[in-house]
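Trainee: Hey, dropping query_34.cif in here, mmCIF, C-alpha atoms and all ligand atoms:
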data_structure
loop_
_atom_site.label_atom_id
_atom_site.label_comp_id
_atom_site.auth_asym_id
_atom_site.auth_seq_id
_atom_site.Cartn_x
_atom_site.Cartn_y
_atom_site.Cartn_z
CA MET F 1 52.31 -22.79 72.90
CA LEU F 2 49.81 -23.39 75.67
CA LEU F 3 46.58 -24.28 73.91
CA GLY F 4 46.54 -26.32 70.69
CA CYS F 5 43.28 -26.26 68.73
CA VAL F 6 41.94 -28.37 65.88
CA ALA F 7 38.96 -26.76 64.09
CA ASP F 8 36.74 -28.62 61.62
CA ASP F 9 36.39 -25.68 59.22
CA SER F 10 38.14 -22.44 58.46
CA THR F 11 35.61 -19.76 59.42
CA GLY F 12 35.00 -21.72 62.65
CA ALA F 13 38.74 -21.62 63.26
CA THR F 14 38.78 -17.83 62.87
CA ASP F 15 35.80 -17.52 65.21
CA LEU F 16 37.68 -19.56 67.83
CA ALA F 17 40.92 -17.63 67.32
CA ASN F 18 38.99 -14.37 67.70
CA THR F 19 37.53 -15.60 71.01
CA LEU F 20 40.95 -16.59 72.34
CA VAL F 21 42.47 -13.22 71.38
CA GLY F 22 39.53 -11.53 73.11
CA GLN F 23 40.54 -13.38 76.28
CA GLY F 24 44.16 -12.29 76.00
CA MET F 25 45.84 -15.19 74.20
CA ARG F 26 48.24 -14.31 71.36
CA THR F 27 46.78 -16.57 68.68
CA ILE F 28 47.84 -17.87 65.28
CA GLN F 29 45.65 -19.68 62.78
CA LEU F 30 47.24 -22.15 60.36
CA ILE F 31 45.53 -23.26 57.16
CA GLY F 32 45.47 -27.07 56.89
CA VAL F 33 47.64 -29.68 58.63
CA PRO F 34 51.06 -28.06 59.17
CA ALA F 35 54.02 -29.72 57.42
CA ALA F 36 55.79 -32.07 59.84
CA GLY F 37 58.97 -30.01 59.98
CA ARG F 38 57.26 -26.63 60.39
CA SER F 39 58.41 -24.97 63.60
CA PRO F 40 55.73 -23.81 66.02
CA PRO F 41 54.98 -20.06 65.89
CA ASP F 42 55.54 -17.78 68.84
CA ALA F 43 52.00 -17.68 70.25
CA ASP F 44 49.97 -18.72 73.28
CA ALA F 45 47.40 -20.57 71.15
CA VAL F 46 47.52 -22.09 67.68
CA VAL F 47 44.35 -23.01 65.79
CA VAL F 48 44.75 -25.46 62.90
CA ALA F 49 41.89 -24.95 60.43
CA LEU F 50 40.89 -28.21 58.73
CA LYS F 51 38.15 -29.01 56.22
CA SER F 52 36.96 -32.02 58.18
CA ARG F 53 33.35 -31.26 59.06
CA THR F 54 31.87 -33.16 56.13
CA ALA F 55 34.96 -35.05 54.93
CA PRO F 56 34.92 -38.87 54.93
CA VAL F 57 35.35 -40.10 58.55
CA ASP F 58 38.80 -41.65 57.95
CA GLN F 59 40.13 -38.44 56.45
CA ALA F 60 38.66 -36.28 59.23
CA VAL F 61 40.23 -38.55 61.86
CA GLY F 62 43.58 -38.72 60.06
CA ASP F 63 43.86 -34.96 59.55
CA SER F 64 42.78 -34.23 63.12
CA LEU F 65 45.33 -36.67 64.55
CA ALA F 66 48.10 -35.26 62.37
CA ALA F 67 47.24 -31.71 63.43
CA MET F 68 47.17 -32.68 67.11
CA LYS F 69 50.50 -34.49 66.84
CA TRP F 70 52.11 -31.35 65.41
CA LEU F 71 50.50 -29.15 68.10
CA ARG F 72 51.72 -31.42 70.91
CA GLU F 73 55.22 -31.55 69.47
CA GLY F 74 55.04 -27.75 69.49
CA GLY F 75 54.39 -27.80 73.22
CA ALA F 76 50.59 -27.59 73.50
CA GLU F 77 49.58 -28.37 77.09
CA GLN F 78 45.89 -28.82 76.34
CA ILE F 79 43.99 -29.71 73.14
CA PHE F 80 40.72 -28.10 72.05
CA PHE F 81 38.60 -29.69 69.31
CA LYS F 82 36.33 -27.02 67.81
CA TYR F 83 33.14 -27.75 65.92
CA CYS F 84 30.03 -25.77 65.09
CA SER F 85 27.70 -24.42 67.78
CA THR F 86 24.90 -26.29 66.01
CA PHE F 87 26.85 -29.57 66.43
CA ASP F 88 26.91 -30.08 62.63
CA SER F 89 27.48 -33.82 62.13
CA THR F 90 25.80 -37.04 61.00
CA PRO F 91 25.28 -40.38 62.80
CA ALA F 92 28.54 -41.49 61.11
CA GLY F 93 30.45 -38.50 62.46
CA ASN F 94 32.59 -36.60 62.41
CA ILE F 95 32.48 -35.22 65.94
CA GLY F 96 32.38 -38.55 67.81
CA PRO F 97 35.02 -40.41 65.77
CA VAL F 98 37.44 -37.47 65.83
CA ALA F 99 37.02 -36.94 69.59
CA ASP F 100 37.45 -40.70 70.19
CA ALA F 101 40.67 -40.75 68.18
CA LEU F 102 42.10 -37.64 69.87
CA LEU F 103 41.28 -39.01 73.35
CA ALA F 104 42.85 -42.38 72.56
CA GLU F 105 46.00 -40.73 71.20
CA LEU F 106 46.22 -38.57 74.33
CA GLY F 107 45.82 -41.66 76.54
CA ALA F 108 42.86 -39.94 78.23
CA ASP F 109 39.49 -41.46 79.10
CA PHE F 110 37.17 -38.47 79.54
CA SER F 111 36.22 -35.22 77.83
CA ILE F 112 33.31 -32.83 77.56
CA ALA F 113 31.19 -31.76 74.59
CA CYS F 114 29.75 -28.26 74.89
CA PRO F 115 28.74 -26.43 71.68
CA ALA F 116 26.84 -23.73 73.65
CA PHE F 117 27.36 -20.14 72.43
CA PRO F 118 24.86 -17.96 74.33
CA THR F 119 25.94 -14.76 72.52
CA ASN F 120 24.69 -16.38 69.32
CA LYS F 121 21.67 -17.89 71.11
CA ARG F 122 22.96 -21.46 71.18
CA THR F 123 22.15 -22.80 74.64
CA ILE F 124 22.01 -26.28 76.18
CA TYR F 125 19.46 -27.27 78.83
CA LYS F 126 18.99 -30.86 80.08
CA GLY F 127 21.24 -31.90 77.20
CA TYR F 128 18.95 -30.35 74.56
CA LEU F 129 20.53 -27.83 72.20
CA TYR F 130 18.50 -24.72 71.41
CA ALA F 131 19.15 -22.41 68.46
CA GLY F 132 17.44 -19.13 69.23
CA GLU F 133 14.00 -19.73 70.72
CA VAL F 134 13.57 -23.27 69.39
CA LEU F 135 15.14 -26.71 69.60
CA LEU F 136 17.93 -27.40 67.13
CA ASN F 137 15.73 -29.76 65.09
CA GLU F 138 13.12 -26.99 64.61
CA SER F 139 15.63 -24.28 63.74
CA GLY F 140 16.10 -25.03 60.06
CA MET F 141 19.13 -27.22 60.82
CA GLN F 142 16.90 -30.28 60.27
CA ASP F 143 17.03 -29.39 56.55
CA HIS F 144 20.77 -28.69 56.28
CA PRO F 145 21.96 -30.16 52.95
CA LEU F 146 25.05 -31.90 54.42
CA THR F 147 24.50 -32.29 58.16
CA PRO F 148 20.76 -32.38 58.87
CA MET F 149 20.22 -32.20 62.65
CA THR F 150 16.95 -33.99 63.38
CA ASP F 151 17.47 -34.55 67.12
CA ALA F 152 18.29 -31.80 69.63
CA ASN F 153 19.28 -34.23 72.40
CA LEU F 154 23.07 -34.12 72.34
CA VAL F 155 23.47 -37.09 74.70
CA ARG F 156 21.70 -39.21 72.08
CA VAL F 157 23.32 -37.53 69.06
CA LEU F 158 26.88 -37.93 70.33
CA GLY F 159 26.01 -41.40 71.65
CA GLN F 160 25.32 -42.51 68.07
CA GLN F 161 28.75 -41.35 66.94
CA THR F 162 30.88 -43.12 69.56
CA ASP F 163 31.16 -46.51 71.24
CA GLY F 164 31.80 -44.66 74.55
CA GLU F 165 29.08 -43.76 77.04
CA VAL F 166 27.76 -40.20 77.09
CA GLY F 167 26.46 -38.55 80.27
CA LEU F 168 25.17 -35.10 81.19
CA VAL F 169 26.31 -32.36 83.55
CA GLU F 170 22.99 -30.75 84.35
CA TYR F 171 22.13 -27.11 84.60
CA HIS F 172 21.77 -27.09 88.41
CA GLU F 173 25.32 -28.45 88.77
CA VAL F 174 26.72 -25.94 86.27
CA ALA F 175 24.93 -23.10 88.10
CA GLU F 176 26.72 -24.03 91.33
CA GLY F 177 30.11 -23.19 89.81
CA PRO F 178 33.45 -24.81 89.01
CA ALA F 179 33.74 -27.13 92.04
CA ALA F 180 30.32 -28.67 91.42
CA ILE F 181 31.07 -29.02 87.71
CA ARG F 182 34.37 -30.77 88.48
CA ALA F 183 32.58 -33.08 90.93
CA ALA F 184 30.07 -33.93 88.18
CA TYR F 185 32.94 -34.76 85.77
CA ASP F 186 34.40 -37.12 88.40
CA ARG F 187 31.04 -38.77 89.04
CA LEU F 188 30.40 -39.33 85.33
CA ARG F 189 33.91 -40.58 84.63
CA ASP F 190 33.73 -43.01 87.59
CA ALA F 191 30.42 -44.28 86.23
CA GLY F 192 32.18 -45.21 82.99
CA ASN F 193 31.22 -42.26 80.77
CA ARG F 194 33.69 -41.15 78.11
CA TYR F 195 31.92 -37.84 77.44
CA ALA F 196 29.78 -35.35 79.30
CA ILE F 197 27.45 -33.02 77.49
CA VAL F 198 27.46 -29.88 79.65
CA ASP F 199 24.41 -27.62 80.02
CA ALA F 200 25.17 -23.90 79.56
CA LEU F 201 22.86 -20.89 79.24
CA SER F 202 25.18 -17.95 79.78
CA ASP F 203 28.77 -16.79 79.43
CA ARG F 204 29.06 -17.12 83.23
CA HIS F 205 28.42 -20.85 82.81
CA LEU F 206 31.00 -21.10 80.01
CA LEU F 207 33.64 -19.38 82.14
CA ASP F 208 32.95 -21.77 85.04
CA ILE F 209 33.02 -24.79 82.73
CA GLY F 210 36.38 -23.52 81.49
CA THR F 211 37.73 -23.29 85.03
CA ALA F 212 36.48 -26.79 85.81
CA SER F 213 38.12 -28.15 82.64
CA ALA F 214 41.68 -26.98 83.40
CA ASP F 215 42.98 -30.53 83.87
CA LEU F 216 41.24 -32.19 80.92
CA ALA F 217 43.72 -33.22 78.23
CA LEU F 218 41.02 -32.64 75.61
CA VAL F 219 38.12 -30.21 75.61
CA THR F 220 35.59 -30.28 72.76
CA GLY F 221 32.99 -27.68 71.86
CA GLY F 222 32.08 -24.50 70.04
CA SER F 223 34.07 -21.30 70.26
CA GLY F 224 31.96 -20.26 73.29
CA VAL F 225 33.36 -22.76 75.77
CA ALA F 226 36.93 -21.82 74.75
CA MET F 227 36.22 -18.47 76.40
CA GLY F 228 36.84 -20.06 79.80
CA LEU F 229 40.19 -21.71 79.01
CA PRO F 230 42.67 -18.77 78.76
CA GLN F 231 42.11 -17.83 82.42
CA ASN F 232 43.52 -21.24 83.49
CA PHE F 233 46.82 -20.53 81.77
CA ARG F 234 46.85 -16.97 83.07
CA SER F 235 46.34 -18.09 86.69
CA LYS F 236 49.17 -20.62 86.29
CA GLY F 237 51.36 -17.67 85.25
CA GLY F 238 51.95 -19.16 81.80
CA MET F 239 50.64 -16.25 79.73
CA PRO F 240 52.57 -13.01 79.25
CA ALA F 241 50.59 -9.81 79.87
CA GLY F 242 50.00 -7.37 77.01
CA ASN F 243 47.51 -6.71 74.24
CA ALA F 244 47.07 -10.00 72.38
CA ALA F 245 45.29 -8.25 69.51
CA ALA F 246 48.10 -5.79 68.78
CA LEU F 247 49.48 -5.98 65.22
CA PRO F 248 52.21 -3.71 63.83
CA ALA F 249 50.98 -0.63 61.93
CA ALA F 250 49.64 -1.33 58.45
CA GLY F 251 50.38 0.57 55.25
CA GLY F 252 49.86 0.16 51.51
CA HIS F 253 46.73 0.38 49.38
CA ALA F 254 43.35 -0.91 50.53
CA ALA F 255 40.90 -3.11 48.61
CA VAL F 256 37.87 -5.36 49.03
CA ILE F 257 37.12 -8.50 47.04
CA SER F 258 33.66 -9.95 47.36
CA GLY F 259 32.42 -13.31 46.06
CA SER F 260 29.73 -13.68 48.70
CA CYS F 261 26.09 -13.38 47.68
CA SER F 262 24.78 -13.57 51.25
CA LEU F 263 22.35 -10.87 52.33
CA ALA F 264 24.75 -9.22 54.78
CA THR F 265 27.40 -8.95 52.05
CA LEU F 266 24.94 -7.50 49.53
CA ALA F 267 24.10 -4.77 52.07
CA GLN F 268 27.83 -4.10 52.60
CA VAL F 269 28.45 -3.79 48.85
CA ALA F 270 25.49 -1.40 48.54
CA HIS F 271 26.72 0.69 51.48
CA PHE F 272 30.23 0.95 50.00
CA ARG F 273 28.77 2.10 46.68
CA ASP F 274 26.42 4.59 48.41
CA GLN F 275 29.42 6.12 50.19
CA GLY F 276 30.98 6.82 46.80
CA GLY F 277 33.40 3.88 46.83
CA PRO F 278 34.55 2.67 43.37
CA VAL F 279 33.09 -0.75 42.45
CA PHE F 280 34.13 -3.10 39.62
CA VAL F 281 31.41 -5.67 38.91
CA VAL F 282 32.60 -9.15 37.90
CA ASP F 283 30.13 -10.77 35.48
CA PRO F 284 30.34 -14.59 35.55
CA LEU F 285 28.96 -14.85 32.00
CA SER F 286 31.84 -12.71 30.68
CA ILE F 287 34.30 -15.08 32.34
CA ALA F 288 32.50 -18.04 30.77
CA VAL F 289 32.88 -16.63 27.23
CA GLY F 290 36.62 -16.27 27.74
CA GLU F 291 37.04 -12.58 28.55
CA ASP F 292 40.04 -11.81 30.74
CA VAL F 293 37.95 -10.32 33.52
CA ALA F 294 40.78 -10.42 36.07
CA ALA F 295 42.99 -8.30 33.79
CA ALA F 296 40.12 -5.86 33.23
CA ALA F 297 39.53 -5.52 36.99
CA LEU F 298 43.22 -5.00 37.67
CA GLY F 299 43.50 -2.39 34.89
CA TRP F 300 40.46 -0.60 36.33
CA ALA F 301 41.94 -0.67 39.86
CA LYS F 302 45.39 0.56 38.86
CA GLY F 303 44.61 4.27 38.63
CA ARG F 304 42.16 4.23 41.52
CA LEU F 305 44.07 2.59 44.38
CA ALA F 306 45.87 5.78 45.35
CA GLY F 307 42.48 7.43 45.97
CA GLY F 308 41.30 4.99 48.65
CA PRO F 309 39.74 1.54 48.91
CA VAL F 310 38.32 -0.10 45.78
CA LEU F 311 35.84 -2.99 45.62
CA VAL F 312 35.86 -5.83 43.08
CA ALA F 313 32.61 -7.77 43.50
CA ALA F 314 30.82 -10.68 41.88
CA SER F 315 28.16 -10.45 44.59
CA ALA F 316 24.67 -10.56 43.14
CA PRO F 317 21.13 -11.08 44.43
CA ALA F 318 19.59 -14.56 44.46
CA GLU F 319 17.64 -14.15 41.16
CA ALA F 320 20.81 -13.17 39.28
CA VAL F 321 22.79 -16.03 40.81
CA THR F 322 20.04 -18.50 39.88
CA ARG F 323 20.11 -17.23 36.27
CA VAL F 324 23.90 -17.60 36.07
CA GLN F 325 23.78 -21.05 37.65
CA ALA F 326 21.06 -22.16 35.23
CA GLU F 327 23.38 -21.23 32.35
CA LEU F 328 26.74 -22.38 33.70
CA GLY F 329 25.88 -24.89 36.42
CA ARG F 330 26.29 -24.15 40.12
CA VAL F 331 29.75 -25.66 40.53
CA ARG F 332 31.21 -24.19 37.35
CA ALA F 333 29.84 -20.73 38.10
CA GLY F 334 31.40 -20.87 41.58
CA GLU F 335 34.76 -22.07 40.28
CA LEU F 336 34.93 -19.45 37.51
CA VAL F 337 34.17 -16.60 39.89
CA GLU F 338 36.53 -17.88 42.60
CA GLY F 339 39.32 -18.26 40.02
CA VAL F 340 38.95 -14.67 38.81
CA LEU F 341 38.66 -13.18 42.30
CA ALA F 342 41.72 -15.13 43.47
CA ALA F 343 43.70 -13.81 40.47
CA VAL F 344 42.47 -10.29 41.27
CA ALA F 345 43.63 -10.71 44.88
CA ARG F 346 47.10 -11.70 43.71
CA GLY F 347 47.24 -8.89 41.15
CA LEU F 348 46.11 -6.27 43.66
CA VAL F 349 48.84 -7.30 46.07
CA GLU F 350 51.31 -6.97 43.18
CA GLN F 351 49.97 -3.43 42.69
CA GLY F 352 50.72 -2.55 46.31
CA VAL F 353 47.55 -3.50 48.18
CA ARG F 354 48.50 -4.47 51.74
CA ARG F 355 45.10 -4.17 53.43
CA LEU F 356 42.64 -6.60 51.86
CA VAL F 357 39.10 -7.50 52.94
CA VAL F 358 37.69 -10.68 51.37
CA ALA F 359 33.96 -11.41 51.66
CA GLY F 360 32.85 -15.05 51.36
CA GLY F 361 34.05 -18.26 52.98
CA GLU F 362 34.93 -20.12 49.76
CA THR F 363 36.19 -16.92 48.19
CA SER F 364 38.52 -16.40 51.16
CA GLY F 365 39.89 -19.93 50.81
CA ALA F 366 40.63 -19.34 47.12
CA ALA F 367 42.28 -15.97 47.85
CA LEU F 368 44.51 -17.42 50.59
CA ALA F 369 45.66 -20.18 48.27
CA ALA F 370 46.40 -17.71 45.45
CA LEU F 371 48.34 -15.46 47.81
CA GLY F 372 50.32 -18.37 49.27
CA VAL F 373 49.13 -17.64 52.79
CA THR F 374 49.52 -20.63 55.12
CA GLY F 375 48.96 -18.89 58.44
CA LEU F 376 47.52 -15.79 60.08
CA HIS F 377 48.32 -13.74 63.16
CA ILE F 378 44.93 -12.88 64.66
CA GLY F 379 44.39 -9.23 65.55
CA GLY F 380 41.51 -7.10 66.83
CA GLU F 381 37.85 -7.70 66.08
CA ILE F 382 36.10 -5.63 63.39
CA ASP F 383 32.60 -7.01 63.93
CA PRO F 384 31.61 -10.09 65.98
CA GLY F 385 33.52 -13.12 64.70
CA VAL F 386 35.67 -11.23 62.15
CA PRO F 387 39.14 -10.04 63.19
CA TRP F 388 41.88 -8.32 61.22
CA THR F 389 44.70 -10.77 60.58
CA ARG F 390 48.27 -10.47 59.32
CA SER F 391 49.78 -13.05 56.98
CA LEU F 392 52.47 -15.22 58.52
CA ASP F 393 53.99 -15.60 55.08
CA HIS F 394 54.28 -11.87 54.24
CA ASP F 395 55.50 -9.23 56.67
CA ASP F 396 53.09 -6.53 55.71
CA LEU F 397 49.92 -8.13 54.30
CA TYR F 398 46.76 -7.61 56.36
CA LEU F 399 43.64 -9.65 55.63
CA ALA F 400 40.08 -9.59 56.95
CA LEU F 401 38.24 -12.74 55.89
CA LYS F 402 34.51 -12.39 56.31
CA SER F 403 32.12 -15.30 55.98
CA GLY F 404 28.93 -14.38 54.15
CA ASN F 405 26.47 -13.39 56.82
CA PHE F 406 28.87 -11.67 59.20
CA GLY F 407 29.34 -7.96 59.68
CA ALA F 408 27.26 -4.76 59.80
CA PRO F 409 26.45 -2.83 56.57
CA ASP F 410 29.40 -0.44 57.10
CA PHE F 411 31.84 -3.37 57.52
CA PHE F 412 34.14 -2.63 54.56
CA LEU F 413 34.94 1.00 55.37
CA LYS F 414 34.89 0.42 59.13
CA ALA F 415 37.49 -2.32 58.72
CA PHE F 416 39.98 0.13 57.14
CA ASP F 417 39.20 2.82 59.71
CA LEU F 418 40.13 0.37 62.49
CA LEU F 419 43.45 -0.54 60.91
CA THR F 420 45.71 2.41 61.52
P1 LIG F 501 29.43 -17.04 51.56
O1 LIG F 501 30.40 -16.99 52.71
O2 LIG F 501 28.51 -15.86 51.49
O3 LIG F 501 28.71 -18.37 51.46
P2 LIG F 501 31.26 -17.99 49.52
O4 LIG F 501 32.43 -17.28 48.95
O5 LIG F 501 31.54 -19.11 50.49
O6 LIG F 501 30.31 -16.90 50.21
O7 LIG F 501 30.35 -18.62 48.39
C1 LIG F 501 29.80 -17.87 47.36
C2 LIG F 501 29.93 -18.66 46.05
O8 LIG F 501 29.15 -18.01 45.06
C3 LIG F 501 31.35 -18.72 45.54
O9 LIG F 501 31.61 -19.99 44.99
C4 LIG F 501 31.34 -17.65 44.45
O10 LIG F 501 32.33 -17.89 43.45
C5 LIG F 501 29.96 -17.79 43.88
N1 LIG F 501 29.47 -16.57 43.22
C6 LIG F 501 29.78 -15.29 43.54
N2 LIG F 501 29.14 -14.43 42.73
C7 LIG F 501 28.38 -15.17 41.90
C8 LIG F 501 27.46 -14.83 40.85
N3 LIG F 501 27.24 -13.55 40.52
N4 LIG F 501 26.86 -15.83 40.21
C9 LIG F 501 27.09 -17.12 40.56
N5 LIG F 501 27.93 -17.51 41.54
C10 LIG F 501 28.57 -16.54 42.22
#
Kindly present the structure from the file in structure tokens form.
Ligand code: ADP

Mentor:
Amino acid sequence: MLLGCVADDSTGATDLANTLVGQGMRTIQLIGVPAAGRSPPDADAVVVALKSRTAPVDQAVGDSLAAMKWLREGGAEQIFFKYCSTFDSTPAGNIGPVADALLAELGADFSIACPAFPTNKRTIYKGYLYAGEVLLNESGMQDHPLTPMTDANLVRVLGQQTDGEVGLVEYHEVAEGPAAIRAAYDRLRDAGNRYAIVDALSDRHLLDIGTASADLALVTGGSGVAMGLPQNFRSKGGMPAGNAAALPAAGGHAAVISGSCSLATLAQVAHFRDQGGPVFVVDPLSIAVGEDVAAAALGWAKGRLAGGPVLVAASAPAEAVTRVQAELGRVRAGELVEGVLAAVARGLVEQGVRRLVVAGGETSGAALAALGVTGLHIGGEIDPGVPWTRSLDHDDLYLALKSGNFGAPDFFLKAFDLLT
């Protein structure tokens, strides 16, 4: 293992893993802190997916430290702490406290913080984070229910989360290339800064920041800045050549499970139906009155799987979800649907499904738990941010886990076309 990564949520972990594979690193994603005795997988990079973004600070720090300890024992030469490209956090944390703890444990005194992701229109100029055309605090993120971002100045925002000093590597230094960026790191470190926010407007900048960061024990940022790290290992000769995204050929039946009600998913469900794909609709109210909806879905699927992909979906437009939530409560409705879809995932695999697309972040988490999947080999990208993966715990089970708003309308069928 060359690069060890700690990610503060699971879809962010997949996004990072997908970036690393795109840059030629054979990458594995593990779900949760690995058990102490678990041996490190054969990979260039390992991403440990935590649920630490909005966890209590102590828990976020503890889980992150435990994950890093395991990664270092597995041989990781450099640690990457991944958070959201919108720097999702509160004055209490968790980005600052986790980075402080990781640095202290590494015995290091300096790191960078760079959430920039120009492909997704997250850019940093003069230390201010932009989301699209506007400052972060005008982008809607100021109203986020858990991590409202009311200040776009990352020097100030990170400064509130750490007792260390925070400086800035400015755009003109970044534009000059890796040597100037490295000189800026040295200047800031010598002036007593623990962190540098680094301006970045383009992938060129991210690649140069990556080159300049080769000797940092810890790098922190979004998945964008990780783009520049694989080349350091490649130029040191540490990375074998070959197609990092290659997975063995897949077989078995194909199915989609959807618990996402995001607009992109609703379009994907409609497209699948329009193409003549068979759809079983999961009704939350039927679950609530005690019907065995999972058994009904599995019975429905049984005769159809041989004919091509089937879709089992609870996905519904906002008005329908609001009606269901008014009757059952938001949390209960979510739990009931996730429970049924997870049982359907397990049942479908028992019926021979080996290629499974799951739509929805929470739904994916529930399906992985039901299937007993603790890790994923990351394969090729289907649509930006969503790769095919292969379960580490089953030889032949392929999973594509799609968070709500990702993917083009033809995502479901395209995914199976790509997996040959
Ligand atoms: P996304 O990635 O789009 O946010 P998630 O799976 O994370 O999707 O979240 C969707 C939530 O909505 C899940 O808890 C799911 O169980 C719930 N849900 C799905 N369908 C319905 C429905 N028809 N009515 C109410 N809740 C639903």

Trainee: What are the nearest atom pairs, with distances in Å to one decimal, for all residues of segment 266-358 of chain F that come at most 10 Å from segment 237-259 of chain F, using all atoms listed in the file, set out by chain and rising residue number as a tab-separated table?

Mentor:
residue	atom	partner	partner_atom	distance
F:Leu266	CA	F:Ser258	CA	9.3
F:Gln268	CA	F:Ser258	CA	9.8
F:Val269	CA	F:Ser258	CA	8.2
F:Phe272	CA	F:Val256	CA	10.0
F:Val279	CA	F:Val256	CA	9.3
F:Phe280	CA	F:Ile257	CA	9.7
F:Val281	CA	F:Ser258	CA	9.7
F:Val282	CA	F:Gly259	CA	9.2
F:Ala301	CA	F:Ala255	CA	9.1
F:Arg304	CA	F:His253	CA	9.9
F:Leu305	CA	F:His253	CA	6.1
F:Ala306	CA	F:His253	CA	6.8
F:Gly307	CA	F:His253	CA	8.9
F:Gly308	CA	F:Ala254	CA	6.5
F:Pro309	CA	F:Ala254	CA	4.7
F:Val310	CA	F:Ala255	CA	4.9
F:Leu311	CA	F:Val256	CA	4.6
F:Val312	CA	F:Ile257	CA	4.9
F:Ala313	CA	F:Ser258	CA	4.6
F:Ala314	CA	F:Gly259	CA	5.2
F:Ser315	CA	F:Gly259	CA	5.3
F:Ala316	CA	F:Gly259	CA	8.7
F:Gly334	CA	F:Gly259	CA	8.8
F:Val337	CA	F:Gly259	CA	7.2
F:Glu338	CA	F:Gly259	CA	7.1
F:Val340	CA	F:Gly259	CA	9.9
F:Leu341	CA	F:Ile257	CA	6.8
F:Ala342	CA	F:Ile257	CA	8.8
F:Val344	CA	F:Ile257	CA	8.1
F:Ala345	CA	F:Ile257	CA	7.2
F:Leu348	CA	F:Ala255	CA	7.9
F:Val349	CA	F:His253	CA	8.6
F:Gln351	CA	F:His253	CA	8.4
F:Gly352	CA	F:His253	CA	5.8
F:Val353	CA	F:His253	CA	4.1
F:Arg354	CA	F:Gly252	CA	4.8
F:Arg355	CA	F:Ala254	CA	4.7
F:Leu356	CA	F:Ala255	CA	5.1
F:Val357	CA	F:Val256	CA	4.6
F:Val358	CA	F:Ile257	CA	4.9

Trainee: Mind giving me the axis-aligned box for ligand LIG 501 (chain F) with 4 Å on every side, centre plus edges in Å to one decimal, as AutoDock Vina command-line options?

Mentor:
--center_x 29.6 --center_y -16.8 --center_z 46.5 --size_x 13.6 --size_y 14.4 --size_z 20.5

Trainee: What does the list of residues within 9 Å of ligand LIG 501 (chain F) look like if you count all atoms listed in the file, written as a ChimeraX atom specification?

Mentor: /F:11,258-265,282-285,313-318,320-325,328-341,358-366,402-406

Trainee: Figure out the distance between atom CA of Thr19 of chain F and atom CA of Ala226 of chain F, please, to one decimal in Å.

Mentor: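 Separation of atom CA of Ala226 of chain F and atom CA of Thr19 of chain F: 7.3 Å.
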
Trainee: Find the residues around segment 385-392 of chain F up to 10 Å (all atoms listed in the file counted), leave out those fewer than 2 positions away in its own chain, and share them as an MDAnalysis selection string.

Mentor: chainID F and resid 11:12 14:19 21 28:30 41 223 245 247:248 250 354:357 368 371:383 394:403 406:407 411 415:416 418:419

Trainee: Measuring between all atoms listed in the file, which one of F:Ala92, F:Val289, F:Val134, F:Leu207 shows the shortest distance to Leu158 of chain F?

Mentor: F:Ala92

Trainee: What gap, in Å, lies between atom CA of Leu135 of chain F and atom CA of Leu154 of chain F?

Mentor: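 Between these atoms lies a distance of 11.2 Å.
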
Trainee: Please determine, counting all atoms listed in the file, which residue among F:Gly164, F:Gly4, F:Pro34, F:Gly107 has the shortest atom-to-atom distance to Thr220 of chain F.

Mentor: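 Smallest separation from Thr220 of chain F among the options: F:Gly4.
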
Trainee: Can you tell me, as a list of chain:residue names, what residues are no more than 8 Å from Gly221 of chain F when counting all atoms listed in the file, ignoring any on the same chain fewer than 3 positions away?

Mentor: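 Surrounding residues, per the criterion: F:Phe80, F:Phe81, F:Lys82, F:Tyr83, F:Cys84, F:Ser85, F:Ile112, F:Ala113, F:Cys114, F:Pro115, F:Ala116, F:Gly224, F:Val225, F:Ala226.
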
Trainee: To one decimal place, how far is atom CA of Leu188 of chain F from atom CA of Asp109 of chain F in Å?

Mentor: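 If I compute the distance from atom CA of Leu188 of chain F to atom CA of Asp109 of chain F, I get 11.2 Å.
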
Trainee: With all atoms listed in the file as the counted atoms, please give the residues lying no more than 7 Å from Gln161 of chain F, apart from itself and same-chain residues fewer than 2 positions off, as a ChimeraX atom specification.

Mentor: /F:91-93,96-97,157-159

Trainee: Excluding Gln231 of chain F and its own-chain neighbours fewer than 3 positions away, which residues fall within 9 Å of it when counting all atoms listed in the file? Please give them as a list in words.

Mentor: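 So, after excluding close chain neighbours, the residues are Gln23, Gly24, Leu207, Gly210, Thr211, Met227, Gly228, Arg234, Ser235 and Lys236 of chain F.
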
Trainee: Between F:Ser139, F:Asn153, F:Ser52, F:Thr147, which has the minimum distance to Tyr125 of chain F (counting all atoms listed in the file)?

Mentor: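 With all atoms listed in the file as the atom set, the closest residue is F:Asn153.
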
Trainee: Please determine, counting all atoms listed in the file, which residue among F:Met141, F:Leu218, F:Ala191, F:Ala99 has the shortest atom-to-atom distance to Glu165 of chain F.

Mentor: F:Ala191

Trainee: If you count only C-alpha atoms, which residues fall within 8 Å of Leu3 of chain F, apart from same-chain ones fewer than 4 positions away, as a list in words?

Mentor: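 With the cut-off at 8 Å, the set is Asp44, Ala45, Val46, Ala76, Glu77, Gln78, Ile79 and Phe80 of chain F.
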
Trainee: Dump C-alpha atoms for the selected residues as a short mmCIF file (atom, residue, chain, number, x, y, z; two decimals), keeping the file's coordinate frame?

Mentor:
data_model
loop_
_atom_site.label_atom_id
_atom_site.label_comp_id
_atom_site.auth_asym_id
_atom_site.auth_seq_id
_atom_site.Cartn_x
_atom_site.Cartn_y
_atom_site.Cartn_z
CA ASP F 44 49.97 -18.72 73.28
CA ALA F 45 47.40 -20.57 71.15
CA VAL F 46 47.52 -22.09 67.68
CA ALA F 76 50.59 -27.59 73.50
CA GLU F 77 49.58 -28.37 77.09
CA GLN F 78 45.89 -28.82 76.34
CA ILE F 79 43.99 -29.71 73.14
CA PHE F 80 40.72 -28.10 72.05
#
